[in-house]
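Peer 1: This is input_0.txt (compact mmCIF, C-alpha atoms and all ligand atoms).
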# COMPACT_ATOMS: atom_id res chain seq x y z
CA MET A 72 97.70 107.28 87.24
CA SER A 73 96.51 110.21 89.31
CA ASN A 74 98.54 111.12 92.35
CA PRO A 75 96.50 111.67 95.56
CA SER A 76 99.04 114.31 96.64
CA VAL A 77 98.25 116.53 93.64
CA PRO A 78 94.51 116.97 92.89
CA ALA A 79 94.10 118.61 89.48
CA ASP A 80 91.77 121.40 90.67
CA GLN A 81 94.12 122.47 93.48
CA LEU A 82 97.10 122.28 91.14
CA GLU A 83 95.40 124.65 88.72
CA LYS A 84 94.66 127.12 91.53
CA LEU A 85 98.28 127.01 92.67
CA ARG A 86 99.53 127.40 89.11
CA GLU A 87 97.45 130.58 88.78
CA LEU A 88 98.74 131.95 92.08
CA LEU A 89 102.33 131.38 90.98
CA ASP A 90 102.08 132.63 87.40
CA GLN A 91 103.66 135.97 88.33
CA PRO A 92 106.68 136.50 90.61
CA LYS A 93 105.34 136.90 94.17
CA ARG A 94 106.51 137.43 97.71
CA LEU A 95 106.05 134.02 99.29
CA VAL A 96 106.41 132.97 102.90
CA ILE A 97 106.64 129.35 103.95
CA VAL A 98 105.72 128.46 107.54
CA SER A 99 105.83 125.16 109.37
CA HIS A 100 104.91 123.73 112.75
CA TYR A 101 106.18 124.31 116.28
CA ASN A 102 109.26 122.22 117.14
CA PRO A 103 110.02 121.75 113.45
CA ASP A 104 111.35 118.28 112.61
CA GLY A 105 113.26 117.00 109.58
CA ASP A 106 110.17 116.93 107.40
CA ALA A 107 109.00 120.40 108.48
CA ILE A 108 112.35 122.04 107.79
CA GLY A 109 113.20 119.88 104.79
CA SER A 110 109.92 120.61 103.04
CA SER A 111 109.99 124.32 103.90
CA VAL A 112 113.58 125.02 102.91
CA GLY A 113 113.40 122.58 99.98
CA LEU A 114 110.36 124.37 98.58
CA MET A 115 112.09 127.72 99.20
CA HIS A 116 114.92 126.69 96.86
CA ILE A 117 112.50 125.39 94.22
CA LEU A 118 110.28 128.49 94.22
CA ARG A 119 113.28 130.81 94.13
CA GLY A 120 114.40 128.89 91.06
CA ALA A 121 110.98 129.64 89.58
CA GLY A 122 111.52 133.38 90.10
CA HIS A 123 109.72 134.10 93.37
CA ALA A 124 111.00 135.93 96.45
CA VAL A 125 110.75 133.32 99.20
CA LYS A 126 111.32 133.35 102.96
CA VAL A 127 110.88 130.61 105.56
CA VAL A 128 109.50 131.49 109.01
CA LEU A 129 109.44 128.94 111.83
CA PRO A 130 107.56 129.27 115.15
CA ASN A 131 110.65 128.32 117.17
CA THR A 132 114.30 127.46 116.65
CA PRO A 133 114.74 123.84 115.51
CA ALA A 134 117.00 121.34 117.22
CA ASP A 135 120.57 121.99 116.10
CA PHE A 136 121.11 118.54 114.53
CA LEU A 137 119.26 119.91 111.49
CA ASP A 138 121.33 123.09 111.20
CA TRP A 139 123.44 121.67 108.36
CA MET A 140 120.53 121.60 105.92
CA PRO A 141 121.29 123.92 102.98
CA GLY A 142 119.25 127.09 103.48
CA ARG A 143 118.26 126.30 107.07
CA ALA A 144 120.31 129.20 108.47
CA GLU A 145 118.23 131.68 106.47
CA ALA A 146 114.97 130.69 108.17
CA LEU A 147 113.56 133.29 110.54
CA CYS A 148 112.64 131.83 113.93
CA PHE A 149 109.85 133.61 115.82
CA ASP A 150 111.40 132.96 119.25
CA ARG A 151 114.57 134.81 118.22
CA SER A 152 113.21 137.34 115.71
CA PRO A 153 109.54 137.92 116.53
CA ASP A 154 109.17 141.28 114.80
CA ALA A 155 110.92 140.26 111.58
CA SER A 156 108.96 136.99 111.54
CA LEU A 157 105.58 138.69 111.84
CA SER A 158 106.33 141.53 109.43
CA THR A 159 107.62 139.03 106.85
CA ILE A 160 104.32 137.16 107.04
CA ARG A 161 102.22 140.35 107.01
CA THR A 162 103.94 141.79 103.94
CA SER A 163 103.78 138.59 101.89
CA ASP A 164 101.42 137.83 99.01
CA ILE A 165 100.96 134.15 99.81
CA VAL A 166 101.63 132.04 102.91
CA LEU A 167 102.41 128.38 102.26
CA CYS A 168 101.64 126.18 105.27
CA LEU A 169 103.74 123.03 105.28
CA ASP A 170 103.60 119.86 107.41
CA PHE A 171 100.79 121.01 109.71
CA ASN A 172 97.06 121.44 109.16
CA GLN A 173 95.70 123.32 112.16
CA LEU A 174 96.67 126.92 112.88
CA ASP A 175 97.14 126.17 116.58
CA ARG A 176 100.26 124.18 115.63
CA ILE A 177 102.35 127.28 114.80
CA GLY A 178 102.65 128.99 118.17
CA GLY A 179 103.13 132.76 118.00
CA LEU A 180 102.68 132.84 114.22
CA GLU A 181 99.01 131.83 114.46
CA GLU A 182 97.42 135.26 114.33
CA ALA A 183 99.58 136.62 111.51
CA VAL A 184 99.04 133.50 109.39
CA ARG A 185 95.31 133.46 110.14
CA GLY A 186 95.16 137.04 108.88
CA ALA A 187 97.03 136.32 105.63
CA LYS A 188 94.62 136.60 102.73
CA THR A 189 95.97 133.79 100.56
CA LYS A 190 97.06 130.55 102.19
CA VAL A 191 98.20 127.31 100.58
CA LEU A 192 98.29 124.08 102.59
CA ILE A 193 100.63 121.19 101.81
CA ASP A 194 100.41 118.48 104.45
CA HIS A 195 99.91 114.81 105.23
CA HIS A 196 98.38 114.85 108.74
CA GLN A 197 94.88 113.59 109.53
CA GLN A 198 91.83 115.87 109.67
CA PRO A 199 93.00 119.09 108.03
CA GLY A 200 91.41 122.38 109.02
CA GLU A 201 89.67 124.42 106.32
CA PHE A 202 91.73 127.60 106.48
CA ALA A 203 93.56 127.58 103.15
CA ALA A 204 92.37 128.72 99.71
CA VAL A 205 94.40 125.96 98.08
CA MET A 206 94.69 122.60 99.84
CA PHE A 207 97.01 119.73 99.15
CA SER A 208 96.16 117.26 101.91
CA ASP A 209 97.23 113.65 101.45
CA VAL A 210 97.17 111.55 104.62
CA THR A 211 98.67 108.64 102.70
CA ALA A 212 101.84 110.52 101.75
CA SER A 213 104.95 109.38 103.63
CA SER A 214 106.08 112.95 104.19
CA THR A 215 105.36 116.54 103.28
CA CYS A 216 108.69 116.48 101.45
CA GLN A 217 107.36 113.79 99.13
CA MET A 218 104.29 115.96 98.46
CA VAL A 219 106.46 119.01 97.74
CA TYR A 220 108.41 116.95 95.22
CA ASP A 221 105.20 115.75 93.53
CA ILE A 222 103.68 119.23 93.42
CA ALA A 223 106.91 120.75 92.06
CA VAL A 224 107.05 118.16 89.29
CA ALA A 225 103.34 118.64 88.49
CA LEU A 226 103.93 122.40 88.20
CA GLY A 227 106.73 121.75 85.72
CA PHE A 228 109.40 122.88 88.20
CA GLU A 229 111.49 119.70 88.10
CA ASP A 230 114.45 121.64 86.72
CA HIS A 231 114.37 123.80 89.85
CA ILE A 232 114.94 120.76 92.10
CA GLY A 233 118.68 121.30 92.37
CA LEU A 234 121.06 119.57 94.74
CA GLU A 235 120.19 121.83 97.68
CA ALA A 236 116.45 121.31 97.33
CA ALA A 237 116.93 117.58 96.71
CA THR A 238 119.06 117.27 99.85
CA CYS A 239 116.39 118.99 101.96
CA LEU A 240 113.54 116.91 100.52
CA TYR A 241 115.42 113.63 100.87
CA THR A 242 116.20 114.43 104.52
CA GLY A 243 112.53 114.94 105.37
CA MET A 244 111.58 111.77 103.52
CA VAL A 245 114.12 109.74 105.50
CA THR A 246 113.17 111.16 108.88
CA ASP A 247 109.38 110.98 108.44
CA SER A 248 109.41 107.44 107.03
CA GLY A 249 111.70 105.98 109.69
CA SER A 250 114.35 105.46 107.01
CA PHE A 251 111.77 104.14 104.52
CA ARG A 252 110.34 101.48 106.81
CA PHE A 253 106.95 102.82 107.95
CA ARG A 254 103.77 101.62 106.23
CA SER A 255 103.41 104.96 104.49
CA THR A 256 106.47 104.09 102.36
CA THR A 257 105.26 103.09 98.90
CA PRO A 258 106.93 102.19 95.61
CA HIS A 259 106.30 105.82 94.66
CA THR A 260 108.20 106.98 97.77
CA MET A 261 111.19 104.92 96.66
CA ARG A 262 110.96 106.30 93.10
CA VAL A 263 110.99 109.86 94.43
CA ALA A 264 113.98 109.00 96.63
CA ALA A 265 115.72 107.44 93.62
CA ASP A 266 115.12 110.58 91.57
CA LEU A 267 116.55 112.75 94.36
CA MET A 268 119.60 110.45 94.44
CA GLU A 269 120.04 110.96 90.72
CA ARG A 270 120.12 114.68 91.41
CA GLY A 271 123.24 114.07 93.49
CA VAL A 272 122.00 113.62 97.04
CA ALA A 273 124.70 112.04 99.23
CA ILE A 274 122.61 109.57 101.19
CA ASP A 275 125.47 108.39 103.44
CA VAL A 276 126.34 111.95 104.44
CA ILE A 277 122.68 112.74 105.18
CA HIS A 278 122.25 109.60 107.24
CA GLY A 279 125.33 110.44 109.28
CA ALA A 280 124.22 114.03 109.76
CA ILE A 281 120.87 112.82 111.11
CA ALA A 282 121.90 109.74 113.07
CA ASP A 283 125.38 110.30 114.48
CA THR A 284 124.58 113.28 116.63
CA ASN A 285 124.36 111.87 120.15
CA SER A 286 125.88 113.55 123.15
CA ALA A 287 127.31 111.27 125.85
CA ASP A 288 124.62 112.62 128.20
CA ARG A 289 121.88 111.59 125.83
CA LEU A 290 123.20 108.06 125.42
CA ARG A 291 123.51 107.71 129.20
CA LEU A 292 119.94 108.98 129.62
CA LEU A 293 118.82 106.38 127.08
CA GLY A 294 120.65 103.61 128.95
CA PHE A 295 119.12 104.72 132.24
CA THR A 296 115.65 104.98 130.69
CA LEU A 297 115.70 101.47 129.27
CA HIS A 298 117.20 99.98 132.44
CA GLU A 299 115.29 101.83 135.13
CA ARG A 300 112.18 103.37 133.65
CA MET A 301 110.74 100.95 131.10
CA THR A 302 107.91 98.60 132.06
CA VAL A 303 107.14 95.70 129.74
CA LEU A 304 103.58 94.33 129.80
CA PRO A 305 103.80 91.10 127.78
CA ASP A 306 100.09 90.26 128.17
CA LEU A 307 99.12 93.62 126.70
CA ARG A 308 102.07 93.57 124.29
CA THR A 309 102.83 97.09 125.44
CA THR A 310 105.83 98.93 126.86
CA VAL A 311 105.53 102.04 129.02
CA ILE A 312 108.30 104.51 129.84
CA GLY A 313 107.93 107.39 132.30
CA LEU A 314 110.69 109.94 132.87
CA ASN A 315 110.44 112.56 135.61
CA LYS A 316 112.09 115.98 135.95
CA ASP A 317 114.86 114.68 138.22
CA ASP A 318 115.77 111.98 135.69
CA LEU A 319 116.18 114.63 133.02
CA LYS A 320 118.20 116.91 135.28
CA ARG A 321 120.54 114.09 136.28
CA PHE A 322 121.58 113.64 132.63
CA ASN A 323 121.71 117.36 131.72
CA PHE A 324 118.67 117.07 129.48
CA LYS A 325 118.52 119.24 126.39
CA THR A 326 115.53 119.63 124.08
CA GLY A 327 115.42 116.70 121.69
CA ASP A 328 117.36 114.31 123.94
CA THR A 329 114.40 111.96 124.41
CA GLU A 330 113.43 112.07 120.71
CA GLY A 331 112.97 108.52 119.48
CA PHE A 332 113.14 106.86 122.90
CA VAL A 333 109.58 105.59 122.43
CA ASN A 334 110.67 103.50 119.46
CA TYR A 335 112.90 101.28 121.59
CA GLY A 336 109.83 99.97 123.39
CA LEU A 337 108.26 98.97 120.11
CA SER A 338 111.44 97.20 118.98
CA ILE A 339 110.97 94.46 121.59
CA LYS A 340 109.76 91.29 119.90
CA GLY A 341 105.99 90.89 119.98
CA MET A 342 105.10 94.42 121.13
CA ARG A 343 102.32 96.26 119.32
CA LEU A 344 102.22 99.46 121.39
CA ALA A 345 104.89 101.64 123.00
CA ALA A 346 104.13 104.56 125.30
CA PHE A 347 106.50 107.29 126.45
CA PHE A 348 105.69 109.87 129.14
CA VAL A 349 108.03 112.71 130.05
CA GLU A 350 107.53 115.38 132.68
CA ARG A 351 108.12 118.85 131.25
CA PRO A 352 107.83 122.17 133.08
CA ASP A 353 104.06 122.69 132.67
CA VAL A 354 102.85 119.47 131.18
CA VAL A 355 103.42 115.75 130.74
CA LYS A 356 104.25 115.01 127.10
CA ILE A 357 103.06 111.70 125.71
CA SER A 358 104.26 109.80 122.64
CA LEU A 359 102.68 106.60 121.37
CA ARG A 360 103.86 104.25 118.65
CA SER A 361 102.00 101.22 117.38
CA LYS A 362 102.20 98.45 114.83
CA GLY A 363 99.44 97.35 112.49
CA ASP A 364 95.88 98.55 112.94
CA LEU A 365 96.06 100.32 116.28
CA PRO A 366 95.16 103.99 115.76
CA VAL A 367 97.05 105.79 118.53
CA ASP A 368 96.20 109.19 117.05
CA ARG A 369 92.50 108.62 117.77
CA PHE A 370 93.26 107.35 121.28
CA LEU A 371 95.30 110.44 122.08
CA LYS A 372 92.78 112.79 120.52
CA GLU A 373 90.05 111.34 122.70
CA HIS A 374 91.96 111.18 125.98
CA PHE A 375 95.15 113.29 125.90
CA GLU A 376 94.63 116.42 123.75
CA GLY A 377 96.68 114.88 120.98
CA GLY A 378 96.83 113.61 117.44
CA GLY A 379 99.19 112.72 114.61
CA HIS A 380 99.32 109.56 112.58
CA ALA A 381 97.68 106.17 113.11
CA ASN A 382 100.97 104.52 114.13
CA ALA A 383 102.79 107.53 115.60
CA ALA A 384 101.13 110.26 117.60
CA GLY A 385 101.65 112.67 120.48
CA GLY A 386 99.55 114.16 123.25
CA GLN A 387 99.77 115.79 126.66
CA SER A 388 98.36 115.76 130.15
CA LYS A 389 98.09 118.48 132.78
CA GLU A 390 98.01 115.90 135.59
CA SER A 391 101.10 114.57 137.36
CA LEU A 392 103.34 112.01 135.67
CA GLU A 393 102.02 109.23 137.92
CA ALA A 394 98.38 110.21 137.36
CA SER A 395 98.92 110.45 133.60
CA VAL A 396 100.46 106.99 133.41
CA GLN A 397 97.66 105.66 135.65
CA LYS A 398 95.01 107.12 133.38
CA PHE A 399 96.71 105.59 130.35
CA MET A 400 96.92 102.19 132.05
CA SER A 401 93.25 102.26 132.97
CA LEU A 402 92.20 103.05 129.37
CA LEU A 403 94.65 100.66 127.73
CA PRO A 404 92.84 97.27 127.96
CA ALA A 405 89.66 98.61 126.36
CA PHE A 406 91.61 100.35 123.58
CA LEU A 407 93.52 97.17 122.74
CA ALA A 408 90.35 95.08 122.93
CA ALA A 409 88.63 97.42 120.49
CA HIS A 410 91.40 96.79 117.93
CA PRO A 411 92.15 93.08 117.97
CA GLU A 412 94.82 91.93 115.56
MN MN B 501 105.69 115.33 108.27
As structure tokens, what does this structure read like?
Peer 2:
Amino acid sequence: MSNPSVPADQLEKLRELLDQPKRLVIVSHYNPDGDAIGSSVGLMHILRGAGHAVKVVLPNTPADFLDWMPGRAEALCFDRSPDASLSTIRTSDIVLCLDFNQLDRIGGLEEAVRGAKTKVLIDHHQQPGEFAAVMFSDVTASSTCQMVYDIAVALGFEDHIGLEAATCLYTGMVTDSGSFRFRSTTPHTMRVAADLMERGVAIDVIHGAIADTNSADRLRLLGFTLHERMTVLPDLRTTVIGLNKDDLKRFNFKTGDTEGFVNYGLSIKGMRLAAFFVERPDVVKISLRSKGDLPVDRFLKEHFEGGGHANAAGGQSKESLEASVQKFMSLLPAFLAAHPE
């Protein structure tokens, strides 16, 4: 059966590009998550195994709970090493763009990557831009890590998926699939995970490294958020959380501390939509999660400069926290009515 992650024509183009040892650079999106780093560093290991010189360049330094990933420390981060990051991209033969599909997602790397003559895209987000010579775009794939695995196997590189690469790829698969529970998880996803396990991946260690990383401040912020800042709208089957700057300050907020808070709203029985608003220095950040056929990515694209996946998406607002929540509330009934269950 053909695999939608690996179209034959694109595979042949990539095979040609990689038939001689090259200088490759892998880039991923701003605020790189488990899938962004896992796919980038995982592919780095695989392509090194295949004889290429490979570097990973990230637009900004990732949250430190992912620092343990094998190879992560080697990645250049533009915010800390801007000159080295840009010159690495400019002197490369090929730039591989992983886990994003619009060049405005890579912050200060945008211009250098735009100028690179040969770009390869590997990604699973909706509505890819047409900037790459070779495009692997599969919006049904559970993660970019799963796509990297499939492409590596299709290229005949399965022997280069060693323990380090397997650990990176498994980590991104776990984080992007909500521990294999989102709709994007397929029998194929589980087969890939099983194969990575057979390569020695320690799933308990990875789970602990991802999950057991709370600070006391973060847990207290979570408790406060659920107790004081969450509104439940049973008639609309929606929960809304809004956190302001003072809330964050009170609990010594660090980047990443509110990651995943939105999911608690959706875990209440009967809810089909959870909204999370947080006031950041220049902008109000918005996260939406939904169940079933309720395309929050389209809603955010239309109203809040956002996008993502049908059941998990992000956006932003330049208005105040109150005004942003108000705007959301005023648009909500029509959005829900347009997508009855
Ligand atoms: Mn991803």
Peer 1: Under the rule that all atoms listed in the file are counted, which of A:Thr329, A:Gln81, A:Ser163, A:Asn172 is the nearest residue to Tyr101 (chain A)?
Peer 2: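 Looking at the shortest contact to Tyr101 (chain A), the residue is A:Asn172.
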Peer 1: Would you give me, as CSV, each residue of chain A having an atom within 7 Å of an atom of ligand MN 501 (chain B), along with its shortest atom pair and that distance in Å to one decimal, using all atoms listed in the file and sorting by chain and residue number?
Peer 2:
residue,atom,partner,partner_atom,distance
A:Asp106,CA,B:MN501,MN,4.8
A:Ala107,CA,B:MN501,MN,6.1
A:Asp170,CA,B:MN501,MN,5.1
A:His195,CA,B:MN501,MN,6.6
A:Ser214,CA,B:MN501,MN,4.7
A:Thr215,CA,B:MN501,MN,5.1
A:Asp247,CA,B:MN501,MN,5.7
Peer 1: Which residues of region 232-289 of chain A come within 12 Å of region 117-129 of chain A, and what is each one's closest atom pair and distance in Å (one decimal), counting only C-alpha atoms, sorted by chain and residue number, as JSON lines?
Peer 2:
{"residue": "A:Ile232", "atom": "CA", "partner": "A:Ile117", "partner_atom": "CA", "distance": 5.6}
{"residue": "A:Gly233", "atom": "CA", "partner": "A:Ile117", "partner_atom": "CA", "distance": 7.6}
{"residue": "A:Leu234", "atom": "CA", "partner": "A:Ile117", "partner_atom": "CA", "distance": 10.4}
{"residue": "A:Glu235", "atom": "CA", "partner": "A:Ile117", "partner_atom": "CA", "distance": 9.2}
{"residue": "A:Ala236", "atom": "CA", "partner": "A:Ile117", "partner_atom": "CA", "distance": 6.5}
{"residue": "A:Ala237", "atom": "CA", "partner": "A:Ile117", "partner_atom": "CA", "distance": 9.3}
{"residue": "A:Thr238", "atom": "CA", "partner": "A:Ile117", "partner_atom": "CA", "distance": 11.9}
{"residue": "A:Cys239", "atom": "CA", "partner": "A:Ile117", "partner_atom": "CA", "distance": 10.8}
{"residue": "A:Leu240", "atom": "CA", "partner": "A:Ile117", "partner_atom": "CA", "distance": 10.6}
Peer 1: Point out the residue among A:Thr326, A:Gln198, A:Ser99, A:Thr260 with the least atom-to-atom distance to Val184 (chain A), counting only C-alpha atoms.
Peer 2: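 Of A:Thr326, A:Gln198, A:Ser99, A:Thr260, the one nearest Val184 (chain A), counting only C-alpha atoms, is A:Ser99.
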Peer 1: Between A:Leu304, A:Phe136, A:Arg254, A:Val210, single out the one closest to Ser286 (chain A), counting only C-alpha atoms.
Peer 2: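 Checking each candidate against Ser286 (chain A), we get A:Phe136 as the closest.
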Peer 1: Could you give me, as a list in words, the residues that sit within 8 Å of (94.8, 108.1, 117.5) in the file's coordinates, counting only C-alpha atoms?
Peer 2: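 Looking at atoms near the point gives Leu365, Pro366, Val367, Asp368, Arg369, Phe370, Leu371, Lys372, Glu373, Gly377, Gly378, Gly379, His380, Ala381, Asn382 and Ala384 of chain A.
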Peer 1: Show me, as AutoDock Vina command-line options, the centre and edge lengths in Å to one decimal of the axis-aligned box that covers every listed atom of region 355-361 of chain A with 4 Å on each side.
Peer 2:
--center_x 103.1 --center_y 108.5 --center_z 124.1 --size_x 10.3 --size_y 22.5 --size_z 21.4
Peer 1: May I have the residues within 7 Å of region 344-361 of chain A as a list in words, using all atoms listed in the file and disregarding those fewer than 2 positions away in the same chain?
Peer 2: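 Listing them by chain and then by number gives Arg308, Thr309, Thr310, Val311, Ile312, Gly313, Leu314, Asn315, Lys316, Val333, Asn334, Gly336, Leu337, Met342, Gly363, Leu365, Val367, Asn382, Ala383, Ala384, Gly385, Gly386, Gln387, Ser388, Lys389 and Leu392 of chain A.
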Peer 1: One number please: CA of Leu307 (chain A) to CA of Gly341 (chain A), in Å, one decimal.
Peer 2: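 Interatomic distance here is 10.0 Å.
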Peer 1: Please, could N, CA and C atoms be added to region 211-235 of chain A and the result written as a PDB file, in the frame of the given file?
Peer 2:
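Now in part-v2.pdb:
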ATOM      1  N   THR A 211      97.930 109.855 103.048  1.00  0.00           N
ATOM      2  CA  THR A 211      98.670 108.640 102.700  1.00  0.00           C
ATOM      3  C   THR A 211     100.127 108.930 102.341  1.00  0.00           C
ATOM      4  N   ALA A 212     100.467 110.189 102.163  1.00  0.00           N
ATOM      5  CA  ALA A 212     101.840 110.520 101.750  1.00  0.00           C
ATOM      6  C   ALA A 212     102.809 110.258 102.903  1.00  0.00           C
ATOM      7  N   SER A 213     103.977 109.742 102.583  1.00  0.00           N
ATOM      8  CA  SER A 213     104.950 109.380 103.630  1.00  0.00           C
ATOM      9  C   SER A 213     105.518 110.613 104.310  1.00  0.00           C
ATOM     10  N   SER A 214     105.509 111.732 103.627  1.00  0.00           N
ATOM     11  CA  SER A 214     106.080 112.950 104.190  1.00  0.00           C
ATOM     12  C   SER A 214     105.563 114.145 103.408  1.00  0.00           C
ATOM     13  N   THR A 215     105.661 115.321 104.025  1.00  0.00           N
ATOM     14  CA  THR A 215     105.360 116.540 103.280  1.00  0.00           C
ATOM     15  C   THR A 215     106.408 116.766 102.197  1.00  0.00           C
ATOM     16  N   CYS A 216     107.631 116.345 102.466  1.00  0.00           N
ATOM     17  CA  CYS A 216     108.690 116.480 101.450  1.00  0.00           C
ATOM     18  C   CYS A 216     108.331 115.742 100.161  1.00  0.00           C
ATOM     19  N   GLN A 217     107.778 114.546 100.315  1.00  0.00           N
ATOM     20  CA  GLN A 217     107.360 113.790  99.130  1.00  0.00           C
ATOM     21  C   GLN A 217     106.277 114.557  98.367  1.00  0.00           C
ATOM     22  N   MET A 218     105.352 115.173  99.107  1.00  0.00           N
ATOM     23  CA  MET A 218     104.290 115.960  98.460  1.00  0.00           C
ATOM     24  C   MET A 218     104.869 117.169  97.744  1.00  0.00           C
ATOM     25  N   VAL A 219     105.835 117.836  98.373  1.00  0.00           N
ATOM     26  CA  VAL A 219     106.460 119.010  97.740  1.00  0.00           C
ATOM     27  C   VAL A 219     107.117 118.593  96.433  1.00  0.00           C
ATOM     28  N   TYR A 220     107.789 117.464  96.453  1.00  0.00           N
ATOM     29  CA  TYR A 220     108.410 116.950  95.220  1.00  0.00           C
ATOM     30  C   TYR A 220     107.332 116.752  94.144  1.00  0.00           C
ATOM     31  N   ASP A 221     106.252 116.062  94.511  1.00  0.00           N
ATOM     32  CA  ASP A 221     105.200 115.750  93.530  1.00  0.00           C
ATOM     33  C   ASP A 221     104.553 117.019  92.976  1.00  0.00           C
ATOM     34  N   ILE A 222     104.315 117.979  93.861  1.00  0.00           N
ATOM     35  CA  ILE A 222     103.680 119.230  93.420  1.00  0.00           C
ATOM     36  C   ILE A 222     104.637 120.005  92.511  1.00  0.00           C
ATOM     37  N   ALA A 223     105.923 120.043  92.888  1.00  0.00           N
ATOM     38  CA  ALA A 223     106.910 120.750  92.060  1.00  0.00           C
ATOM     39  C   ALA A 223     106.972 120.142  90.661  1.00  0.00           C
ATOM     40  N   VAL A 224     106.986 118.817  90.593  1.00  0.00           N
ATOM     41  CA  VAL A 224     107.050 118.160  89.290  1.00  0.00           C
ATOM     42  C   VAL A 224     105.770 118.450  88.490  1.00  0.00           C
ATOM     43  N   ALA A 225     104.612 118.393  89.182  1.00  0.00           N
ATOM     44  CA  ALA A 225     103.340 118.640  88.490  1.00  0.00           C
ATOM     45  C   ALA A 225     103.261 120.070  87.960  1.00  0.00           C
ATOM     46  N   LEU A 226     103.918 121.004  88.655  1.00  0.00           N
ATOM     47  CA  LEU A 226     103.930 122.400  88.200  1.00  0.00           C
ATOM     48  C   LEU A 226     104.923 122.621  87.059  1.00  0.00           C
ATOM     49  N   GLY A 227     105.702 121.598  86.751  1.00  0.00           N
ATOM     50  CA  GLY A 227     106.730 121.750  85.720  1.00  0.00           C
ATOM     51  C   GLY A 227     108.012 122.364  86.251  1.00  0.00           C
ATOM     52  N   PHE A 228     108.221 122.271  87.566  1.00  0.00           N
ATOM     53  CA  PHE A 228     109.400 122.880  88.200  1.00  0.00           C
ATOM     54  C   PHE A 228     110.521 121.869  88.438  1.00  0.00           C
ATOM     55  N   GLU A 229     110.486 120.713  87.752  1.00  0.00           N
ATOM     56  CA  GLU A 229     111.490 119.700  88.100  1.00  0.00           C
ATOM     57  C   GLU A 229     112.922 120.194  87.887  1.00  0.00           C
ATOM     58  N   ASP A 230     113.097 121.121  86.936  1.00  0.00           N
ATOM     59  CA  ASP A 230     114.450 121.640  86.720  1.00  0.00           C
ATOM     60  C   ASP A 230     114.920 122.530  87.875  1.00  0.00           C
ATOM     61  N   HIS A 231     113.996 122.966  88.702  1.00  0.00           N
ATOM     62  CA  HIS A 231     114.370 123.800  89.850  1.00  0.00           C
ATOM     63  C   HIS A 231     114.690 122.951  91.087  1.00  0.00           C
ATOM     64  N   ILE A 232     114.557 121.622  90.971  1.00  0.00           N
ATOM     65  CA  ILE A 232     114.940 120.760  92.100  1.00  0.00           C
ATOM     66  C   ILE A 232     116.426 120.477  91.972  1.00  0.00           C
ATOM     67  N   GLY A 233     117.228 121.442  92.424  1.00  0.00           N
ATOM     68  CA  GLY A 233     118.680 121.300  92.370  1.00  0.00           C
ATOM     69  C   GLY A 233     119.172 120.470  93.553  1.00  0.00           C
ATOM     70  N   LEU A 234     120.485 120.406  93.687  1.00  0.00           N
ATOM     71  CA  LEU A 234     121.060 119.570  94.740  1.00  0.00           C
ATOM     72  C   LEU A 234     120.640 120.023  96.139  1.00  0.00           C
ATOM     73  N   GLU A 235     120.568 121.345  96.342  1.00  0.00           N
ATOM     74  CA  GLU A 235     120.190 121.830  97.680  1.00  0.00           C
ATOM     75  C   GLU A 235     118.758 121.438  98.017  1.00  0.00           C
TER      76      GLU A 235
END
